[in-house]
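Heads up, upload01.txt below (compact mmCIF, C-alpha atoms):
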```txt
# COMPACT_ATOMS: atom_id res chain seq x y z
CA MET A 1462 0.53 10.54 25.79
CA GLY A 1463 2.57 7.95 23.92
CA GLN A 1464 4.19 8.48 20.55
CA THR A 1465 3.88 6.79 17.18
CA PHE A 1466 6.98 5.51 15.37
CA ALA A 1467 7.05 8.65 13.21
CA GLU A 1468 6.92 10.89 16.25
CA GLN A 1469 9.65 8.92 18.01
CA ILE A 1470 12.02 8.88 15.02
CA LEU A 1471 11.52 12.51 14.02
CA GLY A 1472 11.78 13.52 17.67
CA HIS A 1473 15.07 11.67 18.01
CA ALA A 1474 16.38 13.21 14.78
CA SER A 1475 15.44 16.72 15.94
CA GLY A 1476 16.75 16.36 19.48
CA ARG A 1477 13.29 16.73 21.00
CA SER A 1478 11.49 14.14 23.09
CA ASP A 1479 8.07 15.77 23.06
CA VAL A 1480 7.34 15.73 19.32
CA GLN A 1481 3.71 15.24 18.33
CA ALA A 1482 1.85 15.16 15.02
CA GLY A 1483 1.51 18.60 13.50
CA ASP A 1484 4.79 19.95 14.91
CA MET A 1485 7.33 21.45 12.53
CA VAL A 1486 10.82 20.05 13.09
CA VAL A 1487 14.28 20.52 11.62
CA VAL A 1488 15.96 17.13 11.65
CA ASN A 1489 19.41 15.63 11.15
CA VAL A 1490 19.43 13.10 8.32
CA ASP A 1491 21.12 9.72 8.82
CA LEU A 1492 21.39 8.81 5.13
CA VAL A 1493 20.67 10.40 1.75
CA MET A 1494 20.00 8.12 -1.24
CA MET A 1495 20.12 9.26 -4.85
CA HIS A 1496 19.66 7.14 -7.99
CA ASP A 1497 20.77 7.43 -11.59
CA SER A 1498 17.64 9.01 -13.02
CA LEU A 1499 17.66 12.12 -10.80
CA SER A 1500 21.32 12.31 -9.76
CA PRO A 1501 22.42 14.59 -12.65
CA SER A 1502 19.82 17.23 -11.77
CA ILE A 1503 20.56 16.88 -8.03
CA ILE A 1504 24.28 17.40 -8.67
CA GLU A 1505 23.56 20.49 -10.78
CA THR A 1506 21.28 21.94 -8.11
CA LEU A 1507 23.78 21.21 -5.33
CA HIS A 1508 26.65 23.00 -7.05
CA ASN A 1509 25.06 25.65 -9.28
CA GLU A 1510 21.99 26.71 -7.29
CA LEU A 1511 23.04 26.05 -3.69
CA GLY A 1512 26.70 26.82 -4.27
CA ALA A 1513 27.90 23.81 -2.27
CA GLU A 1514 31.22 22.38 -3.40
CA ARG A 1515 30.98 19.14 -1.45
CA VAL A 1516 28.38 16.96 0.29
CA TRP A 1517 28.16 17.42 4.03
CA ASP A 1518 29.25 13.86 4.88
CA ARG A 1519 30.56 11.48 2.22
CA ASP A 1520 29.87 8.46 4.45
CA LYS A 1521 26.15 9.28 4.74
CA VAL A 1522 25.41 9.41 1.02
CA ALA A 1523 24.51 6.37 -1.09
CA VAL A 1524 24.35 6.55 -4.89
CA VAL A 1525 22.62 3.69 -6.70
CA ILE A 1526 22.46 3.05 -10.44
CA ASP A 1527 19.28 1.03 -10.64
CA HIS A 1528 16.54 2.74 -12.66
CA VAL A 1529 17.97 2.09 -16.12
CA ALA A 1530 20.65 -0.46 -15.40
CA PRO A 1531 22.38 -1.24 -17.65
CA ALA A 1532 21.95 1.94 -19.67
CA ALA A 1533 19.57 1.61 -22.62
CA THR A 1534 20.66 4.69 -24.61
CA VAL A 1535 23.86 6.65 -25.21
CA ARG A 1536 22.37 9.59 -23.30
CA GLN A 1537 21.70 7.41 -20.25
CA ALA A 1538 25.21 5.97 -20.46
CA GLU A 1539 26.67 9.49 -20.50
CA GLN A 1540 24.59 10.52 -17.48
CA GLN A 1541 25.65 7.46 -15.52
CA GLN A 1542 29.28 8.10 -16.43
CA HIS A 1543 28.89 11.65 -15.11
CA VAL A 1544 27.44 10.34 -11.84
CA ARG A 1545 30.29 7.85 -11.36
CA ARG A 1546 32.90 10.58 -11.88
CA TRP A 1547 31.13 12.88 -9.43
CA VAL A 1548 31.01 10.12 -6.80
CA ALA A 1549 34.77 9.63 -7.18
CA GLN A 1550 35.46 13.37 -7.00
CA GLN A 1551 33.38 13.72 -3.84
CA GLY A 1552 34.95 10.66 -2.23
CA ILE A 1553 31.51 9.22 -1.52
CA SER A 1554 31.82 5.88 0.23
CA HIS A 1555 28.76 4.10 -1.12
CA LEU A 1556 28.26 3.63 -4.87
CA PHE A 1557 26.18 0.65 -5.95
CA ASP A 1558 26.60 0.23 -9.68
CA VAL A 1559 24.78 -1.71 -12.41
CA GLY A 1560 23.70 -5.15 -11.28
CA ARG A 1561 23.78 -4.62 -7.52
CA GLY A 1562 20.07 -3.97 -7.51
CA ILE A 1563 17.38 -1.54 -6.36
CA SER A 1564 18.37 1.07 -3.81
CA HIS A 1565 15.85 0.19 -1.11
CA PRO A 1566 16.66 -3.50 -0.51
CA VAL A 1567 20.36 -2.94 -1.28
CA LEU A 1568 20.84 -0.31 1.42
CA ILE A 1569 19.22 -2.58 3.99
CA GLU A 1570 21.27 -5.57 2.83
CA GLU A 1571 24.42 -3.47 3.19
CA GLY A 1572 23.50 -2.53 6.76
CA LEU A 1573 23.31 1.18 5.88
CA VAL A 1574 19.68 1.41 7.02
CA GLN A 1575 18.81 0.36 10.55
CA PRO A 1576 15.78 0.74 12.85
CA GLY A 1577 15.15 4.27 14.04
CA MET A 1578 17.11 5.97 11.27
CA LEU A 1579 15.86 8.88 9.17
CA VAL A 1580 16.51 8.27 5.46
CA VAL A 1581 15.57 10.55 2.57
CA GLY A 1582 15.83 9.43 -1.04
CA SER A 1583 15.24 10.70 -4.57
CA ASP A 1584 12.61 8.04 -5.17
CA SER A 1585 8.97 7.98 -4.09
CA HIS A 1586 9.31 4.40 -2.86
CA SER A 1587 11.89 5.44 -0.28
CA THR A 1588 9.12 4.57 2.16
CA GLY A 1589 10.58 1.08 1.63
CA TYR A 1590 13.17 1.71 4.34
CA GLY A 1591 10.32 1.28 6.79
CA ALA A 1592 10.83 -2.46 6.24
CA ALA A 1593 13.73 -2.07 8.69
CA ALA A 1594 11.67 0.22 10.96
CA ALA A 1595 13.34 3.37 9.65
CA PHE A 1596 11.52 6.56 8.67
CA GLY A 1597 12.11 6.63 4.91
CA SER A 1598 10.67 9.31 2.68
CA GLY A 1599 11.00 10.36 -0.94
CA MET A 1600 11.91 13.92 -1.89
CA GLY A 1601 12.46 15.94 -5.04
CA THR A 1602 15.64 17.29 -6.55
CA THR A 1603 15.97 20.52 -4.55
CA ASP A 1604 15.17 18.94 -1.19
CA ILE A 1605 17.68 16.12 -1.76
CA ALA A 1606 20.33 18.64 -2.83
CA LEU A 1607 19.71 20.65 0.34
CA ALA A 1608 20.04 17.53 2.48
CA LEU A 1609 23.30 16.69 0.69
CA ALA A 1610 24.66 20.17 1.39
CA THR A 1611 23.60 20.51 5.03
CA GLY A 1612 22.75 17.07 6.42
CA GLN A 1613 19.42 18.47 7.49
CA THR A 1614 15.85 18.82 6.28
CA TRP A 1615 12.49 19.67 7.80
CA PHE A 1616 9.19 17.89 8.26
CA ARG A 1617 5.76 18.59 9.51
CA VAL A 1618 5.39 15.58 11.82
CA PRO A 1619 2.74 13.39 10.19
CA GLU A 1620 -0.33 11.85 11.76
CA THR A 1621 -0.36 8.05 11.69
CA VAL A 1622 -2.70 5.40 10.33
CA ARG A 1623 -2.31 2.06 12.09
CA VAL A 1624 -2.93 -1.16 10.13
CA ASN A 1625 -3.27 -4.27 12.30
CA ALA A 1626 -3.01 -7.82 11.02
CA VAL A 1627 -4.25 -10.87 12.90
CA GLY A 1628 -3.90 -14.53 11.97
CA ASN A 1629 -1.84 -15.87 9.07
CA PHE A 1630 -2.20 -16.41 5.34
CA GLN A 1631 -3.95 -19.29 3.64
CA PRO A 1632 -2.00 -21.24 1.01
CA GLY A 1633 -1.62 -19.15 -2.14
CA VAL A 1634 -2.11 -15.87 -0.27
CA SER A 1635 0.77 -13.68 0.83
CA VAL A 1636 1.90 -10.25 2.00
CA LYS A 1637 1.19 -8.61 -1.38
CA ASP A 1638 -2.47 -9.46 -0.93
CA PHE A 1639 -2.40 -7.77 2.48
CA GLY A 1640 -0.79 -4.67 0.98
CA LEU A 1641 -3.35 -4.49 -1.82
CA TRP A 1642 -6.15 -5.03 0.71
CA ALA A 1643 -4.86 -1.99 2.57
CA ALA A 1644 -4.86 0.09 -0.63
CA ARG A 1645 -8.42 -1.05 -1.26
CA THR A 1646 -9.44 -0.15 2.29
CA LEU A 1647 -7.62 3.15 2.74
CA ARG A 1648 -7.83 4.32 -0.90
CA ALA A 1649 -5.19 6.30 -2.78
CA ASP A 1650 -5.60 9.41 -0.62
CA GLY A 1651 -6.43 7.66 2.63
CA ALA A 1652 -3.11 8.42 4.31
CA THR A 1653 -2.01 11.57 2.50
CA TYR A 1654 1.01 13.08 4.30
CA GLN A 1655 0.60 10.57 7.10
CA SER A 1656 2.72 7.69 8.31
CA VAL A 1657 1.34 4.16 7.99
CA GLU A 1658 2.28 1.75 10.78
CA TRP A 1659 2.01 -1.98 10.06
CA HIS A 1660 1.51 -4.30 13.04
CA GLY A 1661 0.98 -8.04 13.52
CA VAL A 1662 3.44 -9.24 10.86
CA ASP A 1663 6.34 -10.26 13.10
CA PHE A 1664 6.63 -13.55 11.18
CA LEU A 1665 7.64 -11.80 7.95
CA SER A 1666 11.23 -11.29 6.80
CA TRP A 1667 12.33 -7.71 6.25
CA ARG A 1668 12.12 -8.26 2.49
CA GLU A 1669 8.50 -9.32 2.81
CA ARG A 1670 7.90 -6.29 5.03
CA MET A 1671 9.24 -4.12 2.22
CA THR A 1672 6.12 -5.01 0.22
CA LEU A 1673 4.07 -3.18 2.83
CA ALA A 1674 6.50 -0.29 3.28
CA THR A 1675 6.74 0.44 -0.45
CA LEU A 1676 2.98 0.20 -0.94
CA SER A 1677 2.49 2.82 1.78
CA ILE A 1678 3.20 5.60 -0.73
CA GLU A 1679 0.33 4.27 -2.86
CA VAL A 1680 -2.13 5.45 -0.19
CA GLY A 1681 -0.42 8.84 -0.05
CA ALA A 1682 1.82 8.19 2.94
CA LYS A 1683 4.91 10.19 3.83
CA ALA A 1684 6.38 7.09 5.47
CA GLY A 1685 5.44 3.45 5.99
CA ILE A 1686 6.96 1.83 9.06
CA VAL A 1687 6.62 -1.84 9.96
CA ALA A 1688 6.80 -2.61 13.68
CA PRO A 1689 10.38 -3.80 14.38
CA THR A 1690 9.47 -6.90 16.37
CA GLY A 1691 11.05 -10.01 14.87
CA LEU A 1692 13.62 -8.23 12.70
CA GLY A 1693 16.54 -10.25 14.05
CA SER A 1694 19.96 -9.46 15.47
CA GLU A 1695 21.27 -7.96 12.22
CA HIS A 1696 18.82 -5.08 12.73
CA PRO A 1697 19.23 -3.99 16.38
CA VAL A 1698 16.35 -1.86 17.59
CA PRO A 1699 17.28 1.16 19.75
CA ALA A 1700 15.74 1.15 23.21
CA TRP A 1701 13.83 4.35 22.52
CA LEU A 1702 11.96 2.89 19.50
CA ARG A 1703 9.01 0.86 20.70
CA VAL A 1704 5.27 0.39 20.40
CA GLU A 1705 3.56 2.80 22.77
CA HIS A 1706 -0.02 1.65 23.15
CA ASP A 1707 -1.35 5.03 24.21
CA ALA A 1708 -0.10 6.68 21.01
CA ASN A 1709 -2.65 8.67 19.06
CA TYR A 1710 -3.68 7.33 15.63
CA SER A 1711 -5.81 9.13 13.07
CA ARG A 1712 -7.32 5.83 12.00
CA VAL A 1713 -7.01 2.13 12.87
CA VAL A 1714 -7.97 -0.70 10.50
CA GLU A 1715 -7.66 -4.46 11.01
CA CYS A 1716 -7.29 -7.34 8.60
CA ASP A 1717 -7.80 -11.02 9.44
CA LEU A 1718 -5.16 -12.61 7.23
CA SER A 1719 -6.74 -16.04 7.58
CA THR A 1720 -9.83 -14.89 5.65
CA LEU A 1721 -7.96 -12.92 3.00
CA GLU A 1722 -8.36 -14.01 -0.62
CA PRO A 1723 -5.93 -13.11 -3.43
CA GLN A 1724 -6.28 -9.44 -4.29
CA VAL A 1725 -5.76 -7.92 -7.74
CA SER A 1726 -5.36 -4.23 -8.59
CA VAL A 1727 -7.22 -3.59 -11.84
CA PRO A 1728 -6.13 -0.96 -14.40
CA HIS A 1729 -5.41 1.87 -14.06
CA TYR A 1730 -5.23 2.75 -10.35
CA VAL A 1731 -3.47 0.98 -7.50
CA ASP A 1732 -6.46 1.24 -5.16
CA ASN A 1733 -8.82 -0.23 -7.76
CA VAL A 1734 -8.56 -3.59 -6.01
CA VAL A 1735 -10.93 -6.56 -6.20
CA ASP A 1736 -10.96 -10.16 -5.04
CA LEU A 1737 -9.46 -12.29 -7.79
CA ALA A 1738 -12.66 -14.34 -7.87
CA GLU A 1739 -14.56 -11.23 -9.10
CA LEU A 1740 -12.44 -10.82 -12.23
CA GLY A 1741 -13.69 -13.53 -14.52
CA ARG A 1742 -11.33 -14.88 -17.19
CA VAL A 1743 -8.65 -12.30 -18.07
CA ALA A 1744 -6.15 -13.46 -20.70
CA VAL A 1745 -2.56 -12.33 -20.13
CA ASP A 1746 0.38 -11.70 -22.48
CA VAL A 1747 3.15 -10.96 -19.98
CA VAL A 1748 3.86 -11.96 -16.40
CA TYR A 1749 6.46 -9.67 -14.83
CA LEU A 1750 7.98 -10.55 -11.47
CA GLY A 1751 10.21 -7.88 -9.97
CA THR A 1752 10.64 -4.43 -8.35
CA CYS A 1753 11.40 -3.30 -4.80
CA THR A 1754 7.90 -4.43 -3.84
CA ASN A 1755 8.09 -8.07 -4.96
CA GLY A 1756 11.36 -8.91 -6.67
CA HIS A 1757 13.09 -10.46 -3.66
CA TYR A 1758 14.35 -13.98 -3.09
CA GLU A 1759 11.18 -14.87 -1.19
CA ASP A 1760 9.08 -13.79 -4.17
CA MET A 1761 11.11 -15.78 -6.68
CA ALA A 1762 10.98 -18.82 -4.38
CA ALA A 1763 7.21 -18.52 -4.01
CA ALA A 1764 6.80 -18.38 -7.79
CA ALA A 1765 9.20 -21.28 -8.32
CA SER A 1766 7.28 -23.49 -5.87
CA ILE A 1767 4.23 -23.17 -8.14
CA LEU A 1768 6.10 -23.34 -11.45
CA LYS A 1769 8.23 -26.36 -10.54
CA GLY A 1770 7.83 -29.09 -13.15
CA ARG A 1771 5.58 -26.93 -15.33
CA ARG A 1772 5.95 -24.75 -18.42
CA LEU A 1773 4.60 -21.34 -19.29
CA ALA A 1774 1.34 -21.16 -21.19
CA PRO A 1775 1.75 -20.91 -24.99
CA ASN A 1776 2.36 -17.36 -26.26
CA LEU A 1777 2.95 -15.99 -22.76
CA ARG A 1778 6.19 -14.30 -21.67
CA MET A 1779 7.45 -14.31 -18.11
CA ILE A 1780 10.16 -11.84 -17.13
CA VAL A 1781 11.88 -12.07 -13.77
CA VAL A 1782 14.05 -9.16 -12.61
CA PRO A 1783 15.56 -9.72 -9.15
CA ALA A 1784 15.51 -6.77 -6.77
CA SER A 1785 19.15 -7.27 -5.80
CA SER A 1786 22.21 -9.33 -6.62
CA GLU A 1787 21.98 -10.89 -3.16
CA SER A 1788 18.48 -12.20 -3.93
CA LEU A 1789 19.71 -13.39 -7.32
CA HIS A 1790 22.62 -15.24 -5.73
CA ARG A 1791 20.34 -16.97 -3.21
CA ALA A 1792 17.95 -17.98 -5.98
CA ALA A 1793 20.83 -19.35 -8.05
CA SER A 1794 22.31 -21.25 -5.09
CA ASP A 1795 19.25 -23.27 -4.09
CA GLY A 1796 17.78 -24.09 -7.50
CA THR A 1797 15.05 -21.45 -7.49
CA LEU A 1798 16.52 -19.74 -10.52
CA ALA A 1799 16.91 -23.03 -12.39
CA THR A 1800 13.24 -23.80 -11.78
CA LEU A 1801 12.14 -20.45 -13.17
CA ILE A 1802 14.35 -20.83 -16.24
CA ALA A 1803 13.18 -24.42 -16.83
CA ALA A 1804 9.61 -23.17 -16.81
CA GLY A 1805 10.48 -20.70 -19.56
CA ALA A 1806 11.08 -17.46 -17.64
CA THR A 1807 13.62 -14.88 -18.78
CA ILE A 1808 15.95 -13.43 -16.13
CA GLY A 1809 16.99 -9.77 -16.18
CA THR A 1810 19.73 -7.72 -14.51
CA PRO A 1811 18.90 -6.86 -10.88
CA GLY A 1812 17.35 -3.41 -10.78
CA CYS A 1813 14.11 -1.57 -11.46
CA GLY A 1814 13.63 -3.17 -14.88
CA ALA A 1815 10.51 -2.10 -16.77
CA CYS A 1816 8.76 -0.73 -13.68
CA ILE A 1817 9.00 2.81 -15.07
CA GLY A 1818 8.68 1.79 -18.70
CA ARG A 1819 12.16 2.73 -19.88
CA HIS A 1820 13.76 -0.62 -20.75
CA MET A 1821 13.94 -4.38 -20.18
CA GLY A 1822 10.42 -5.52 -20.99
CA VAL A 1823 8.22 -2.52 -21.80
CA LEU A 1824 4.68 -3.24 -22.96
CA ALA A 1825 3.15 -2.85 -26.42
CA PRO A 1826 -0.34 -1.44 -27.09
CA HIS A 1827 -3.19 -3.71 -25.97
CA GLU A 1828 -0.89 -6.10 -24.09
CA VAL A 1829 -2.09 -7.35 -20.72
CA CYS A 1830 0.48 -7.75 -17.96
CA VAL A 1831 0.27 -9.27 -14.50
CA PHE A 1832 2.87 -7.34 -12.54
CA THR A 1833 4.16 -7.94 -9.02
CA GLY A 1834 5.18 -4.28 -8.75
CA ASN A 1835 3.56 -1.31 -7.12
CA ARG A 1836 1.95 0.84 -9.83
CA ASN A 1837 -0.41 0.14 -12.73
CA PHE A 1838 -0.99 3.66 -14.02
CA ARG A 1839 -1.74 4.08 -17.71
CA GLY A 1840 1.58 4.07 -19.58
CA ARG A 1841 3.59 3.13 -16.50
CA MET A 1842 5.37 0.19 -18.14
CA GLY A 1843 5.35 1.32 -21.76
CA SER A 1844 2.42 1.89 -24.07
CA PRO A 1845 -0.55 3.79 -22.61
CA GLY A 1846 -2.66 1.25 -24.47
CA ALA A 1847 -1.43 -1.62 -22.28
CA ASN A 1848 -3.29 -2.93 -19.23
CA ILE A 1849 -1.44 -3.70 -16.00
CA TYR A 1850 -2.87 -5.85 -13.20
CA LEU A 1851 -1.00 -5.86 -9.88
CA ALA A 1852 -0.89 -9.16 -8.03
CA SER A 1853 1.22 -11.37 -5.78
CA PRO A 1854 4.09 -13.60 -6.94
CA GLU A 1855 1.85 -16.59 -6.30
CA VAL A 1856 -0.91 -15.26 -8.56
CA ALA A 1857 1.72 -14.29 -11.13
CA ALA A 1858 3.11 -17.82 -11.21
CA ALA A 1859 -0.30 -19.47 -11.45
CA THR A 1860 -1.23 -17.07 -14.24
CA ALA A 1861 1.99 -17.89 -16.11
CA ILE A 1862 0.92 -21.54 -16.23
CA THR A 1863 -2.68 -21.06 -17.36
CA GLY A 1864 -2.39 -17.91 -19.49
CA TYR A 1865 -5.14 -16.08 -17.62
CA ILE A 1866 -5.34 -14.53 -14.15
CA THR A 1867 -5.58 -17.54 -11.87
CA HIS A 1868 -6.00 -18.29 -8.18
CA PRO A 1869 -2.89 -20.21 -7.02
CA ARG A 1870 -5.19 -22.67 -5.28
CA ASN A 1871 -6.48 -23.91 -8.63
CA VAL A 1872 -2.97 -24.82 -9.77
CA LEU A 1873 -2.04 -26.35 -6.42
CA GLN A 1874 -5.23 -28.44 -6.37
CA SER A 1875 -4.59 -29.72 -9.88
CA THR A 1876 -1.17 -30.94 -8.68
CA GLU A 1877 -2.69 -32.75 -5.72
CA GLN A 1878 -5.30 -34.39 -7.95
CA ALA A 1879 -2.58 -35.57 -10.36
CA VAL A 1880 -0.53 -37.04 -7.51
CA PHE A 1881 -3.45 -39.04 -6.10
CA ALA A 1882 -5.00 -40.02 -9.44
```
Full structure transcribed into structure tokens:
Amino acid sequence: MGQTFAEQILGHASGRSDVQAGDMVVVNVDLVMMHDSLSPSIIETLHNELGAERVWDRDKVAVVIDHVAPAATVRQAEQQQHVRRWVAQQGISHLFDVGRGISHPVLIEEGLVQPGMLVVGSDSHSTGYGAAAAFGSGMGTTDIALALATGQTWFRVPETVRVNAVGNFQPGVSVKDFGLWAARTLRADGATYQSVEWHGVDFLSWRERMTLATLSIEVGAKAGIVAPTGLGSEHPVPAWLRVEHDANYSRVVECDLSTLEPQVSVPHYVDNVVDLAELGRVAVDVVYLGTCTNGHYEDMAAAASILKGRRLAPNLRMIVVPASSESLHRAASDGTLATLIAAGATIGTPGCGACIGRHMGVLAPHEVCVFTGNRNFRGRMGSPGANIYLASPEVAAATAITGYITHPRNVLQSTEQAVFA
């Protein structure tokens, strides 16, 4: 019998070729990621509870200051200072400080994550490394500390849900709509402790694939791995990592992208997804474009293509927080950033921004936000009295123009009518 991507990667990491779902394996870790919010507790656990003086391999640890970057309080500044000093004392090779961006895209941009690798991180959206066909998984403080001390961890090899895409998107529809469709189809617990494989999206860049990989955790997945076909020469795929058509899947679902309409996740659950056309007129106070799910160059460019030559609706705020400094630089170089600013958007420091409701654009009671991120739980971005709708960058941009949740097609059609009037 063939193997899924999860079985292949965990088998390779454990030194076994016969791994199947349900097996218990001890695996060698290729990379450990830790970010500013949990690093202080991980460091304390490593030294005081596990008694380890040093990390097992300073070249296989990446520390990223991204969750509250720059620091918003004195306490956060002190914690980040502590982390920087610890990194220097340990001689850790990879520190990505304030402004470099969110851990998941940054580590792929830096070439630290490659197809077939096993990456564990102190962030639930570490499934995002599956954008580069790696097995990425989030872990808590103690598990990350143990991986830092030993270079090993253990897994029960997960079953796999396969999501197949056919066709291509209509204008105004994009990969975020596909990801939300999957959440709607599988539901929040539909892939609990399973791996989600995404197939049929070879035409997407790895940043666009990250939308799918990060949303995998929102259906309960342990990992979300996008098939590596089409990744390009900068992400060489090992010969042993391949699609094996006789692999065993717990479930297979298929989406025809050509028939997909814009999807919107309605408060307060990610899988509470409807077609945009079902919503009616929903007035919006804030449009927020960012996060590891949709804060990349491609997302800013998609929004700019709709906003070009237009201004934000009266009394609406648009906040754009790039996922990485590389995406910010690209957007600045080709005029994308200028277009967003000309429309009235505010640009923030690359990082997580207000995704976890700690700084840089948190929401007030009763405010309505269209968010290109990955979670819309009550209180996620600030006040528990706010309402968060998850949508694509295209829907976000169209909404920013009209002031209410809007199908991008309506804005695009109005442009065409004006041109030919």
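Taking atom CA of A:Phe1596 as the reference point, atom CA of A:Glu1759 is found at 23.6 Å.
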Neighbours of point (12.0, -26.7, -19.6) within 12 Å, using only C-alpha atoms, written as a ChimeraX atom specification: /A:1768-1773,1799-1807
Nearest candidate to A:Leu1851 (options A:Ala1815, A:Leu1789, A:Val1748, A:Val1662; using all atoms listed in the file):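 That would be A:Val1748, the residue with the smallest distance to A:Leu1851.
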Nearest candidate to A:His1496 (options A:Arg1839, A:Arg1515, A:His1508, A:His1555; using all atoms listed in the file):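 Closest residue, counting all atoms listed in the file: A:His1555.
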Counting all atoms listed in the file, the option among A:Gln1464, A:Ser1694, A:Ser1564, A:Ser1786 closest to A:Pro1576: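 Among the listed residues, A:Ser1694 lies closest to A:Pro1576.
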Distance of atom CA of A:Gly1640 from atom CA of A:Ala1762, expressed in Å to one decimal place: 19.2 Å
Residue among A:Ile1678, A:Ala1538, A:Ala1533, A:Val1704 lying closest to A:Gly1463, counting only C-alpha atoms: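 Between A:Ile1678, A:Ala1538, A:Ala1533, A:Val1704, the residue approaching A:Gly1463 most closely is A:Val1704.
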Shortest interatomic distance to A:Asp1604 - which of A:Gly1582, A:Gly1572, A:Gly1591, A:Gly1822, counting only C-alpha atoms: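 Closest candidate: A:Gly1582.
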Proximity to A:Ala1608 - best of A:Asn1489, A:Thr1588, A:Thr1690, A:Thr1810, all atoms listed in the file: A:Asn1489
All residues 6 Å or closer to A:Val1581, all atoms listed in the file, same chain fewer than 2 positions away omitted, as a PyMOL selection string: chain A and resi 1493+1597-1599
Take every atom of stretch 1669-1674 of chain A listed in the file, fit an axis-aligned box around them, add 8 Å per side, and give the centre and edge lengths in Å to one decimal as AutoDock Vina command-line options.
```
--center_x 6.7 --center_y -4.8 --center_z 2.6 --size_x 21.2 --size_y 25.0 --size_z 20.8
```
Separation of atom CA of A:Asn1835 from atom CA of A:Leu1641, in Å and rounded to one decimal: 9.3 Å
Spatial neighbours of stretch 1825-1832 of chain A, max dist 10 Å, only C-alpha atoms, sep filter under 3 positions, as JSON, numbers by chain: {"A": [1725, 1726, 1727, 1728, 1743, 1744, 1745, 1746, 1747, 1748, 1749, 1750, 1751, 1752, 1755, 1777, 1778, 1779, 1780, 1816, 1822, 1835, 1836, 1837, 1840, 1842, 1843, 1844, 1845, 1846, 1847, 1848, 1849, 1850, 1851, 1852, 1853, 1854, 1856, 1857, 1858, 1860, 1861, 1865, 1866]}
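Near A:Trp1667, within a cut-off of 7 Å and counting only C-alpha atoms, sit the residues A:Ala1592, A:Ala1593, A:Leu1692, with same-chain residues fewer than 6 positions away left out.
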